[in-house]
Amino acid sequence: MDFNEMVGRLVVVDKSEEKIMSSDNIEIYQAIKVFKNKIKCNRCGKVTTKERAKLPYDNYYCPKCIVLGRVSTLNNLVHVIEDNHFNKVDEILTWDGKLSKFQEVCSNELINIIGKNTEHLLWAVTGAGKTEMLFKPIAEALRKKFRVAIASPRVDVCNELYPRLDKAFKEIDKILLHGRSEEVYRYTQLVVCTTHQLLKFKEAFDVLIIDEVDAFPYVNNKELLFATKQAIKKTGTLIYLTATPSNELAKKIKRGNISISYLPMRFHQNALPTIKVEFTNNWWGFILQGKLDTKIKKYLKKWEQNGKQFLVFVPHVAMLNKVREVIKAVLASKIKGDTVHAADEYRIEKVQKMRNKEYTYLITTTILERGVTFPEIDLLVLGADNSVFSTSALVQIAGRVGRSVSRPDGDVIFICDRYTRKVKDAQKQIEFLNKKAKKLREGIS
Amino acid sequence: MNCLLCNNTIDFKLNIKWILSLEKYKRDNVCKRCREELGKCKIDNACEGCGREQKKLLLCNDCIKWKNNNKILLNNKSIYTYDNLIIKKYFERYKFMGDYYWRKIFNIEFKNFITNNYPSKDWIYIPIPVDEYTMQHRGFNQVEGLIGDLPYSRVLKMKKLKRDKKQSEKSRSERLKTQQPFEYIGDKLQGNYVIIDDVYTTGRTLYYAQELLLKNGASRVCSVTLAR
């Protein structure tokens with residue numbers, strides 16, 4: 001095994017295969033801790049019953065992180081201590097874009113914390129230009145010979161981030177790691193990966209940035225916390241990015257455990273579109289009868305006349321086809337659209353057709369809640385009061401509207417049978433951010 | 001509990017009939033939908049020699065070749081076809097990733113299948129062994145895992161060979177050319193024996209096992225595999 005490539009990694013090694021000794025730069029850990037009825041994995045930190053984890057001859061394995069390669073009592077975990085040996089490059093930052101005044105302020109705040117052993121949150125609204133604000137702070141870290149990782153719970157987000165970073169840091173060696181990527185691991189100064197992949201590192205990163213920290217599947221999940229703690233150096237800087245902080249993060253901010261940069265304004269400096277709630281009486285019942293509530297119809301007709309594209313969100317995949325039938329019947333036949341969901345074979349193609357304006361509308365589930373930009377759309381959330389939509393999902397969905405300079409506003413219509421806490425909170429959050437943005441604008445001009 | 005295959009929650013609907021039947025609740029570790037999907041992969045009509053799925057019940061071309069090579073056919077029986085996503089995914093997870101618990105997905109079914117075809121009062125069961133390297137790395141014999149608590153005897157052992165490729169990484173012609181991989185470690189045999197393996201691919205491995213058992217006194221040797 002080439003330990004030089006494995007620096008900063010937590011490597012699973014068979015006990016029988018190689019006799020590795022602890023040394024100055026190598027630490028050896030027990031892979032699985034065995035208790036009376038349970039076992040605990042030292043890579044992912046999760047506890048499993050012995051019944052589920054059993055192997056013959058009193059051996060045990062961890063089923064929780066098995067997709068990263070099995071860890072069992074037949075293995076040891078070997079940690080090769082990070083030594084930051086990177087090649088020097090001539091030009092670190094190869095990005096020549098410009099930040100707005102407000103973006104610049106946040107970006108500078110981030111530069112200032114690089115190298116400090118602290119946690120920081122960049123709370124920037126949807127469409128604020130978060131990635132661009134990161135470029136200079138990352139460049140600063142790379143200049144200091146720091147190892148940097150940007151991780152997100154969502155593969156889509158990683159895939160979108162990587163090419164942008166590749167352009168901004170052309171000469172820096174980097175790698176994209178997730179369950180479906182083919183790339184073989186190698187030692188690089190810059191790493192883009194899913195948060196799950198962080199479990200394969202130990203005390204590797206001087207700067208760790210977690211993008212879309214509130215995204216599924218890590219909401220309220222201890223796993224993210226464990227993976228983060230595992231992968232970052234004890235002296236490291238941890239930066240969270242989000243447009244919609246979870247309650248947990250909000251509590252942390254209140255307690256003062258985490259410093260924060262705010263950007264309540266979009267890059268085009270217009271306010272966020274506000275949510276309009278329309279109340280219906282059993283809209284789904286209407287759909288099941290092949291009919292559409294008149295309020296919903298009114299908006300569809302309006303958008304049809306304006307000739308703009310629109311999105312329709314529904315709570316469950318199983319609702320998609322029924323909703324599509326009814327909507328199709330209401331609109332003129334020349335208006336084309338489709339449904340799309342997470343397991344859809346043609347997911348990417350369909351989204352591309354929407355981008356190309358071959359489709360006027362898409363009917364979808366929460367998979368399109370974040371990370372996608374269609375410039376001039378309106379949108380409708382059917383059953384926004386359904387429990388599958390969290391407050392942050394609702395704010396993210398609303399954030400799909402008004403993302404371009406050419407049309408910085410648009411309709412955000414929530415169709416509800418009941419007025420729920422989550423819908424109320426989403427409205428409040430957007431109002432709060434808009435108030436903040438207004439203050440900021442007035443303060444500067 | 002969630003379904004091992006699709007991870008959706010398994011719901012169990014109470015009904016009067018079940019409550020009154022006083023039967024114990026048998027919890028499956030796979031959801032109904034996945035069981036149905038698995039059901040579609042079952043082999044109905046098969047070749048008498050190797051258990052391959054085919055329309056006619058006669059011998060397939062491969063079995064005719066075995067016969068011409070003076071082999072007594074194994075009369076292999078298999079439950080599932082190997083050539084489908086759900087079974088391939090299963091073996092990927094169970095055997096190659098090493099999720100030993102997944103043995104339980106087929107434990108009961110496989111055991112019943114074996115004893116229905118070859119009742120235990122007339123037959124002795126012999127699972128195909130794994131080599132020492134696999135035992136140290138995978139930590140289990142996948143065949144012994146699959147048959148659960150079915151009593152079996154260990155009379156075959158993998159020879160210590162220089163390790164080249166895994167069996168599953170070889171092409172068909174490479175597999176057919178492999179040498180006798182087993183050695184016999186038991187006493188003199190008598191009676192009927194069923195060799196049990198996870199997958200029947202070319203039959204080469206199973207015929208080598210059969211050869212050794214016949215040589216050591218077995219009167220009849222047949223085979224059963226989970227997939228074909």
# chains A, B, ... in the order shown; residues from 1 in each chain; ligands from 1
$ interface_residues --of "chain B" --to "chain A" --cutoff "7 Å" --atoms "only C-alpha atoms" --output "VMD selection string"
chain B and resid 97 to 101 139 to 140
$ write_last_selection --atoms "C-alpha atoms" --output "PDB file, in the first residue's frame"
ATOM      1  CA  MET B  97     -19.741  -6.223  -0.209  1.00  0.00           C
ATOM      2  CA  GLY B  98     -20.048  -8.867   2.481  1.00  0.00           C
ATOM      3  CA  ASP B  99     -23.385  -7.995   4.087  1.00  0.00           C
ATOM      4  CA  TYR B 100     -23.738 -11.360   5.831  1.00  0.00           C
ATOM      5  CA  TYR B 101     -27.172 -10.508   7.246  1.00  0.00           C
ATOM      6  CA  GLY B 139     -15.274 -13.678   6.969  1.00  0.00           C
ATOM      7  CA  PHE B 140     -17.948 -16.171   5.920  1.00  0.00           C
TER       8      PHE B 140
END
$ residues_around --residues "segment 26-36 of chain A" --least-positions-apart "6" --cutoff "6 Å" --atoms "only C-alpha atoms" --output "ChimeraX atom specification"
/A:42,73,76-80
$ write_last_selection --atoms "N, CA and C atoms" --output "mmCIF file, in the first residue's frame"
data_model
loop_
_atom_site.group_PDB
_atom_site.id
_atom_site.type_symbol
_atom_site.label_atom_id
_atom_site.label_comp_id
_atom_site.auth_asym_id
_atom_site.auth_seq_id
_atom_site.Cartn_x
_atom_site.Cartn_y
_atom_site.Cartn_z
ATOM 1 N N ASN A 42 -16.109 2.352 14.457
ATOM 2 C CA ASN A 42 -15.230 3.496 14.702
ATOM 3 C C ASN A 42 -15.004 4.355 13.470
ATOM 4 N N THR A 73 -14.476 -6.640 12.392
ATOM 5 C CA THR A 73 -13.466 -6.990 13.388
ATOM 6 C C THR A 73 -12.281 -7.722 12.746
ATOM 7 N N ASN A 76 -8.329 -3.531 10.781
ATOM 8 C CA ASN A 76 -7.915 -2.394 11.584
ATOM 9 C C ASN A 76 -8.134 -1.138 10.763
ATOM 10 N N LEU A 77 -8.239 -0.014 11.434
ATOM 11 C CA LEU A 77 -8.275 1.258 10.724
ATOM 12 C C LEU A 77 -6.912 1.917 10.861
ATOM 13 N N VAL A 78 -6.357 2.299 9.725
ATOM 14 C CA VAL A 78 -5.039 2.922 9.741
ATOM 15 C C VAL A 78 -5.175 4.377 9.316
ATOM 16 N N HIS A 79 -4.652 5.252 10.143
ATOM 17 C CA HIS A 79 -4.720 6.680 9.851
ATOM 18 C C HIS A 79 -3.310 7.194 9.555
ATOM 19 N N VAL A 80 -3.149 7.701 8.335
ATOM 20 C CA VAL A 80 -1.861 8.269 7.963
ATOM 21 C C VAL A 80 -1.950 9.777 8.177
#
$ select_by_dssp --residues "segment 107-331 of chain A" --states "helix (DSSP H, G or I)" --output "number ranges by chain"
A: 107-113, 130-143, 155-168, 195-200, 222-231, 247-255, 283-288, 294-306, 317-330
$ atom_distance --atom1 "atom CA of Val12 of chain A" --atom2 "atom CA of Ile81 of chain A"
14.7 Å
$ closest_residue --among "A:Lys101, A:Arg324, A:Arg186, A:Arg266" --to "Leu311 of chain A" --atoms "only C-alpha atoms"
A:Arg324
$ atom_distance --atom1 "atom CA of Glu182 of chain A" --atom2 "atom CA of Lys19 of chain A"
29.7 Å
$ residues_around --residues "Asn84 of chain B" --least-positions-apart "6" --cutoff "10 Å" --atoms "only C-alpha atoms" --output "list in words"
Leu38, Lys40 and Cys41 of chain B
$ write_last_selection --atoms "N, CA and C atoms" --output "mmCIF file, in the first residue's frame"
data_model
loop_
_atom_site.group_PDB
_atom_site.id
_atom_site.type_symbol
_atom_site.label_atom_id
_atom_site.label_comp_id
_atom_site.auth_asym_id
_atom_site.auth_seq_id
_atom_site.Cartn_x
_atom_site.Cartn_y
_atom_site.Cartn_z
ATOM 1 N N LEU B 38 -39.041 -10.551 -6.988
ATOM 2 C CA LEU B 38 -38.228 -11.768 -6.935
ATOM 3 C C LEU B 38 -38.971 -12.944 -7.554
ATOM 4 N N LYS B 40 -40.895 -12.999 -9.960
ATOM 5 C CA LYS B 40 -40.810 -12.973 -11.424
ATOM 6 C C LYS B 40 -39.506 -13.587 -11.946
ATOM 7 N N CYS B 41 -38.513 -13.721 -11.067
ATOM 8 C CA CYS B 41 -37.212 -14.247 -11.504
ATOM 9 C C CYS B 41 -37.097 -15.745 -11.260
#
$ atom_distance --atom1 "atom CA of Thr134 of chain B" --atom2 "atom CA of Gln180 of chain B"
17.9 Å
$ residues_around --residues "Ala332 of chain A" --least-positions-apart "3" --cutoff "12 Å" --atoms "only C-alpha atoms" --output "list in words"
Leu300, Lys301, Trp303, Glu304, Gln305, Gly307, Ile327, Lys328, Ala329, Ile335, Lys336, Gly337 and Thr360 of chain A
$ select_by_dssp --residues "segment 24-227 of chain A" --states "strand (DSSP E or B)" --output "number ranges by chain"
A: 26-30, 32-34, 38-41, 47-49, 54-55, 59-61, 72, 75-80, 119-124, 148-152, 174-177, 190-194, 201, 205-210
$ write_last_selection --atoms "N, CA and C atoms" --output "short mmCIF file (atom, residue, chain, number, x, y, z; two decimals), in the first residue's frame"
data_model
loop_
_atom_site.label_atom_id
_atom_site.label_comp_id
_atom_site.auth_asym_id
_atom_site.auth_seq_id
_atom_site.Cartn_x
_atom_site.Cartn_y
_atom_site.Cartn_z
N ILE A 26 1.85 7.25 11.50
CA ILE A 26 0.76 6.27 11.34
C ILE A 26 0.15 5.91 12.69
N GLU A 27 -1.19 6.00 12.74
CA GLU A 27 -1.91 5.58 13.94
C GLU A 27 -2.79 4.40 13.58
N ILE A 28 -2.89 3.44 14.48
CA ILE A 28 -3.74 2.28 14.21
C ILE A 28 -4.88 2.22 15.22
N TYR A 29 -6.11 2.03 14.69
CA TYR A 29 -7.27 1.96 15.57
C TYR A 29 -7.99 0.64 15.40
N GLN A 30 -8.67 0.25 16.45
CA GLN A 30 -9.62 -0.85 16.39
C GLN A 30 -10.78 -0.40 15.50
N ILE A 32 -13.94 -1.96 15.08
CA ILE A 32 -15.27 -2.16 15.66
C ILE A 32 -15.12 -2.37 17.16
N LYS A 33 -15.94 -1.67 17.90
CA LYS A 33 -15.93 -1.90 19.34
C LYS A 33 -17.10 -2.81 19.68
N VAL A 34 -16.84 -3.90 20.38
CA VAL A 34 -17.88 -4.89 20.66
C VAL A 34 -18.36 -4.75 22.10
N LYS A 38 -24.44 -5.05 21.50
CA LYS A 38 -24.31 -4.15 20.36
C LYS A 38 -22.86 -4.00 19.95
N ILE A 39 -22.67 -3.41 18.77
CA ILE A 39 -21.32 -3.07 18.35
C ILE A 39 -21.31 -1.61 17.91
N LYS A 40 -20.15 -0.99 17.96
CA LYS A 40 -20.05 0.39 17.49
C LYS A 40 -18.93 0.49 16.47
N CYS A 41 -19.23 1.14 15.33
CA CYS A 41 -18.24 1.28 14.27
C CYS A 41 -17.40 2.52 14.53
N VAL A 47 -24.09 2.66 15.99
CA VAL A 47 -24.26 1.48 16.82
C VAL A 47 -25.23 0.52 16.12
N THR A 48 -24.93 -0.77 16.14
CA THR A 48 -25.78 -1.77 15.51
C THR A 48 -25.96 -2.94 16.47
N THR A 49 -27.09 -3.62 16.39
CA THR A 49 -27.28 -4.80 17.23
C THR A 49 -26.35 -5.91 16.74
N LYS A 54 -23.58 -9.58 12.90
CA LYS A 54 -22.85 -10.83 13.15
C LYS A 54 -22.18 -11.41 11.90
N LEU A 55 -20.97 -11.92 12.10
CA LEU A 55 -20.29 -12.78 11.13
C LEU A 55 -19.98 -14.09 11.87
N ASN A 59 -17.10 -12.80 14.86
CA ASN A 59 -16.70 -11.55 14.23
C ASN A 59 -17.93 -10.71 13.95
N TYR A 60 -17.72 -9.40 13.80
CA TYR A 60 -18.82 -8.47 13.54
C TYR A 60 -18.41 -7.44 12.50
N TYR A 61 -19.42 -6.95 11.74
CA TYR A 61 -19.14 -5.90 10.77
C TYR A 61 -20.17 -4.79 10.92
N SER A 72 -14.91 -4.40 9.55
CA SER A 72 -15.29 -5.47 10.47
C SER A 72 -14.19 -5.72 11.49
N ASN A 75 -10.69 -6.26 10.46
CA ASN A 75 -9.87 -5.14 9.99
C ASN A 75 -9.32 -4.30 11.13
N ASN A 76 -8.33 -3.53 10.78
CA ASN A 76 -7.91 -2.39 11.58
C ASN A 76 -8.13 -1.14 10.76
N LEU A 77 -8.24 -0.01 11.43
CA LEU A 77 -8.27 1.26 10.72
C LEU A 77 -6.91 1.92 10.86
N VAL A 78 -6.36 2.30 9.72
CA VAL A 78 -5.04 2.92 9.74
C VAL A 78 -5.17 4.38 9.32
N HIS A 79 -4.65 5.25 10.14
CA HIS A 79 -4.72 6.68 9.85
C HIS A 79 -3.31 7.19 9.55
N VAL A 80 -3.15 7.70 8.34
CA VAL A 80 -1.86 8.27 7.96
C VAL A 80 -1.95 9.78 8.18
N GLU A 119 -16.07 27.89 14.03
CA GLU A 119 -17.18 27.52 13.16
C GLU A 119 -17.86 28.78 12.67
N HIS A 120 -18.19 28.80 11.39
CA HIS A 120 -18.79 30.00 10.82
C HIS A 120 -19.91 29.60 9.87
N LEU A 121 -20.96 30.42 9.88
CA LEU A 121 -22.08 30.16 8.98
C LEU A 121 -22.22 31.29 7.97
N LEU A 122 -22.27 30.92 6.69
CA LEU A 122 -22.62 31.91 5.68
C LEU A 122 -24.08 31.67 5.31
N TRP A 123 -24.92 32.60 5.77
CA TRP A 123 -26.34 32.50 5.50
C TRP A 123 -26.65 33.48 4.39
N ALA A 124 -26.80 32.93 3.20
CA ALA A 124 -27.05 33.79 2.06
C ALA A 124 -28.29 33.27 1.35
N VAL A 148 -8.13 21.78 1.64
CA VAL A 148 -9.50 22.29 1.66
C VAL A 148 -10.48 21.27 1.08
N ALA A 149 -11.62 21.09 1.77
CA ALA A 149 -12.68 20.24 1.21
C ALA A 149 -14.00 20.99 1.19
N ILE A 150 -14.76 20.79 0.12
CA ILE A 150 -16.12 21.29 0.06
C ILE A 150 -17.02 20.09 -0.08
N ALA A 151 -17.91 19.92 0.90
CA ALA A 151 -18.76 18.73 0.90
C ALA A 151 -20.21 19.14 0.95
N SER A 152 -21.05 18.33 0.32
CA SER A 152 -22.49 18.59 0.38
C SER A 152 -23.23 17.28 0.55
N LYS A 174 -7.20 18.70 -7.93
CA LYS A 174 -8.42 18.50 -7.16
C LYS A 174 -9.11 17.20 -7.57
N ILE A 175 -10.05 16.77 -6.75
CA ILE A 175 -10.75 15.52 -7.06
C ILE A 175 -12.21 15.60 -6.63
N LEU A 176 -13.08 14.93 -7.38
CA LEU A 176 -14.51 14.86 -7.05
C LEU A 176 -14.82 13.45 -6.58
N LEU A 177 -15.32 13.32 -5.36
CA LEU A 177 -15.58 12.00 -4.79
C LEU A 177 -17.03 11.83 -4.38
N LEU A 190 -7.28 20.06 -2.98
CA LEU A 190 -8.69 20.46 -2.96
C LEU A 190 -9.56 19.22 -3.22
N VAL A 191 -10.58 19.05 -2.37
CA VAL A 191 -11.46 17.89 -2.50
C VAL A 191 -12.92 18.37 -2.55
N VAL A 192 -13.69 17.87 -3.52
CA VAL A 192 -15.13 18.10 -3.53
C VAL A 192 -15.78 16.74 -3.35
N CYS A 193 -16.64 16.59 -2.34
CA CYS A 193 -17.20 15.27 -2.09
C CYS A 193 -18.54 15.34 -1.39
N THR A 194 -19.23 14.21 -1.36
CA THR A 194 -20.45 14.13 -0.57
C THR A 194 -20.05 14.01 0.91
N PHE A 201 -12.01 10.06 5.68
CA PHE A 201 -10.89 10.92 6.04
C PHE A 201 -10.77 11.00 7.55
N PHE A 205 -8.49 17.99 6.89
CA PHE A 205 -8.72 19.30 6.29
C PHE A 205 -8.51 20.45 7.27
N ASP A 206 -7.79 21.46 6.77
CA ASP A 206 -7.62 22.68 7.55
C ASP A 206 -8.85 23.56 7.41
N VAL A 207 -9.47 23.46 6.21
CA VAL A 207 -10.71 24.20 5.98
C VAL A 207 -11.73 23.23 5.40
N LEU A 208 -12.87 23.13 6.06
CA LEU A 208 -13.93 22.26 5.58
C LEU A 208 -15.20 23.07 5.41
N ILE A 209 -15.72 23.07 4.18
CA ILE A 209 -16.92 23.84 3.86
C ILE A 209 -18.06 22.88 3.58
N ILE A 210 -19.16 23.02 4.30
CA ILE A 210 -20.31 22.15 4.07
C ILE A 210 -21.40 22.97 3.38
#
$ closest_residue --among "A:Tyr162, A:Tyr299, A:Tyr240, A:Phe267" --to "Val405 of chain A" --atoms "only C-alpha atoms"
A:Phe267
$ residues_around --residues "Ser78 of chain B" --least-positions-apart "6" --cutoff "9 Å" --atoms "only C-alpha atoms" --output "list in words"
Lys42, Ile43, Ala46, Cys50, Gly51, Arg52, Phe113, Val199, Tyr200, Ser223, Val224, Thr225, Leu226, Ala227 and Arg228 of chain B
$ write_last_selection --atoms "C-alpha atoms" --output "PDB file, in the first residue's frame"
ATOM      1  CA  LYS B  42     -38.109 -17.785 -10.519  1.00  0.00           C
ATOM      2  CA  ILE B  43     -37.324 -20.597 -12.920  1.00  0.00           C
ATOM      3  CA  ALA B  46     -35.703 -25.958 -16.812  1.00  0.00           C
ATOM      4  CA  CYS B  50     -28.367 -28.071 -15.020  1.00  0.00           C
ATOM      5  CA  GLY B  51     -31.601 -26.298 -14.064  1.00  0.00           C
ATOM      6  CA  ARG B  52     -31.209 -23.616 -16.722  1.00  0.00           C
ATOM      7  CA  PHE B 113     -36.285 -25.794  -1.758  1.00  0.00           C
ATOM      8  CA  VAL B 199     -24.690 -19.807  -8.347  1.00  0.00           C
ATOM      9  CA  TYR B 200     -24.406 -22.348 -11.168  1.00  0.00           C
ATOM     10  CA  SER B 223     -26.717 -30.365  -6.883  1.00  0.00           C
ATOM     11  CA  VAL B 224     -28.806 -27.360  -5.875  1.00  0.00           C
ATOM     12  CA  THR B 225     -27.987 -23.689  -6.298  1.00  0.00           C
ATOM     13  CA  LEU B 226     -29.867 -20.519  -5.412  1.00  0.00           C
ATOM     14  CA  ALA B 227     -29.388 -18.997  -8.851  1.00  0.00           C
ATOM     15  CA  ARG B 228     -28.607 -20.275 -12.315  1.00  0.00           C
TER      16      ARG B 228
END
$ decode --residues "segment 288-378 of chain A" --atoms "C-alpha atoms" --output "CSV table (one decimal), in the first residue's frame"
chain,number,residue,atom,x,y,z
A,288,LEU,CA,-59.1,12.7,-8.3
A,289,GLN,CA,-62.4,13.6,-10.0
A,290,GLY,CA,-60.5,15.0,-12.9
A,291,LYS,CA,-61.2,18.6,-12.0
A,292,LEU,CA,-59.1,21.6,-10.9
A,293,ASP,CA,-59.9,24.0,-8.1
A,294,THR,CA,-60.8,27.4,-9.7
A,295,LYS,CA,-58.1,29.2,-7.8
A,296,ILE,CA,-55.4,26.9,-9.3
A,297,LYS,CA,-56.9,27.2,-12.7
A,298,LYS,CA,-56.8,31.0,-12.5
A,299,TYR,CA,-53.0,31.0,-12.1
A,300,LEU,CA,-52.4,28.5,-14.8
A,301,LYS,CA,-54.5,30.5,-17.2
A,302,LYS,CA,-52.6,33.7,-16.2
A,303,TRP,CA,-49.2,32.1,-16.8
A,304,GLU,CA,-50.4,30.7,-20.1
A,305,GLN,CA,-51.3,34.2,-21.3
A,306,ASN,CA,-48.0,35.6,-20.1
A,307,GLY,CA,-46.2,32.9,-22.0
A,308,LYS,CA,-43.8,32.2,-19.1
A,309,GLN,CA,-42.5,28.9,-17.9
A,310,PHE,CA,-43.7,27.5,-14.6
A,311,LEU,CA,-43.0,24.7,-12.0
A,312,VAL,CA,-45.7,22.7,-10.1
A,313,PHE,CA,-44.6,21.0,-6.9
A,314,VAL,CA,-46.6,18.1,-5.4
A,315,PRO,CA,-46.0,16.3,-2.1
A,316,HIS,CA,-45.7,12.7,-3.5
A,317,VAL,CA,-44.4,10.9,-6.6
A,318,ALA,CA,-47.6,9.0,-6.8
A,319,MET,CA,-49.6,12.2,-7.4
A,320,LEU,CA,-47.6,13.3,-10.4
A,321,ASN,CA,-49.4,11.6,-13.2
A,322,LYS,CA,-52.9,12.5,-12.0
A,323,VAL,CA,-52.0,16.1,-11.6
A,324,ARG,CA,-50.4,16.2,-15.0
A,325,GLU,CA,-53.6,14.8,-16.7
A,326,VAL,CA,-55.7,17.5,-15.1
A,327,ILE,CA,-53.3,20.4,-15.8
A,328,LYS,CA,-52.8,19.2,-19.4
A,329,ALA,CA,-56.6,19.3,-20.0
A,330,VAL,CA,-56.8,22.9,-18.8
A,331,LEU,CA,-53.9,24.3,-20.9
A,332,ALA,CA,-53.9,24.8,-24.7
A,333,SER,CA,-52.6,21.7,-26.5
A,334,LYS,CA,-49.5,23.4,-27.8
A,335,ILE,CA,-48.2,24.0,-24.3
A,336,LYS,CA,-45.8,21.1,-23.5
A,337,GLY,CA,-44.6,19.8,-20.2
A,338,ASP,CA,-43.8,16.7,-18.2
A,339,THR,CA,-43.4,15.1,-14.8
A,340,VAL,CA,-40.0,14.4,-13.1
A,341,HIS,CA,-39.0,12.7,-9.9
A,342,ALA,CA,-35.8,11.4,-8.2
A,343,ALA,CA,-35.9,7.9,-9.6
A,344,ASP,CA,-36.9,9.1,-13.1
A,345,GLU,CA,-34.7,7.5,-15.7
A,346,TYR,CA,-34.9,10.6,-17.9
A,347,ARG,CA,-34.5,13.1,-15.0
A,348,ILE,CA,-31.5,14.9,-16.5
A,349,GLU,CA,-33.0,15.0,-20.0
A,350,LYS,CA,-36.3,16.4,-18.8
A,351,VAL,CA,-34.6,19.2,-16.8
A,352,GLN,CA,-32.5,20.0,-19.9
A,353,LYS,CA,-35.7,20.3,-22.0
A,354,MET,CA,-37.1,22.7,-19.5
A,355,ARG,CA,-33.8,24.7,-19.7
A,356,ASN,CA,-34.0,24.7,-23.5
A,357,LYS,CA,-37.6,26.0,-23.2
A,358,GLU,CA,-38.9,22.9,-25.1
A,359,TYR,CA,-41.1,22.5,-22.1
A,360,THR,CA,-43.3,25.2,-20.7
A,361,TYR,CA,-43.7,23.4,-17.4
A,362,LEU,CA,-42.5,20.6,-15.1
A,363,ILE,CA,-44.5,18.9,-12.4
A,364,THR,CA,-42.1,17.6,-9.8
A,365,THR,CA,-41.4,16.7,-6.2
A,366,THR,CA,-38.9,18.2,-3.8
A,367,ILE,CA,-36.0,17.0,-6.0
A,368,LEU,CA,-36.0,20.3,-7.8
A,369,GLU,CA,-36.2,22.3,-4.6
A,370,ARG,CA,-32.5,23.4,-4.7
A,371,GLY,CA,-29.6,23.6,-7.0
A,372,VAL,CA,-31.5,24.3,-10.2
A,373,THR,CA,-32.1,27.6,-11.9
A,374,PHE,CA,-34.7,28.3,-14.5
A,375,PRO,CA,-34.4,32.1,-15.1
A,376,GLU,CA,-37.9,33.5,-15.5
A,377,ILE,CA,-40.4,31.2,-13.9
A,378,ASP,CA,-43.5,31.2,-11.8
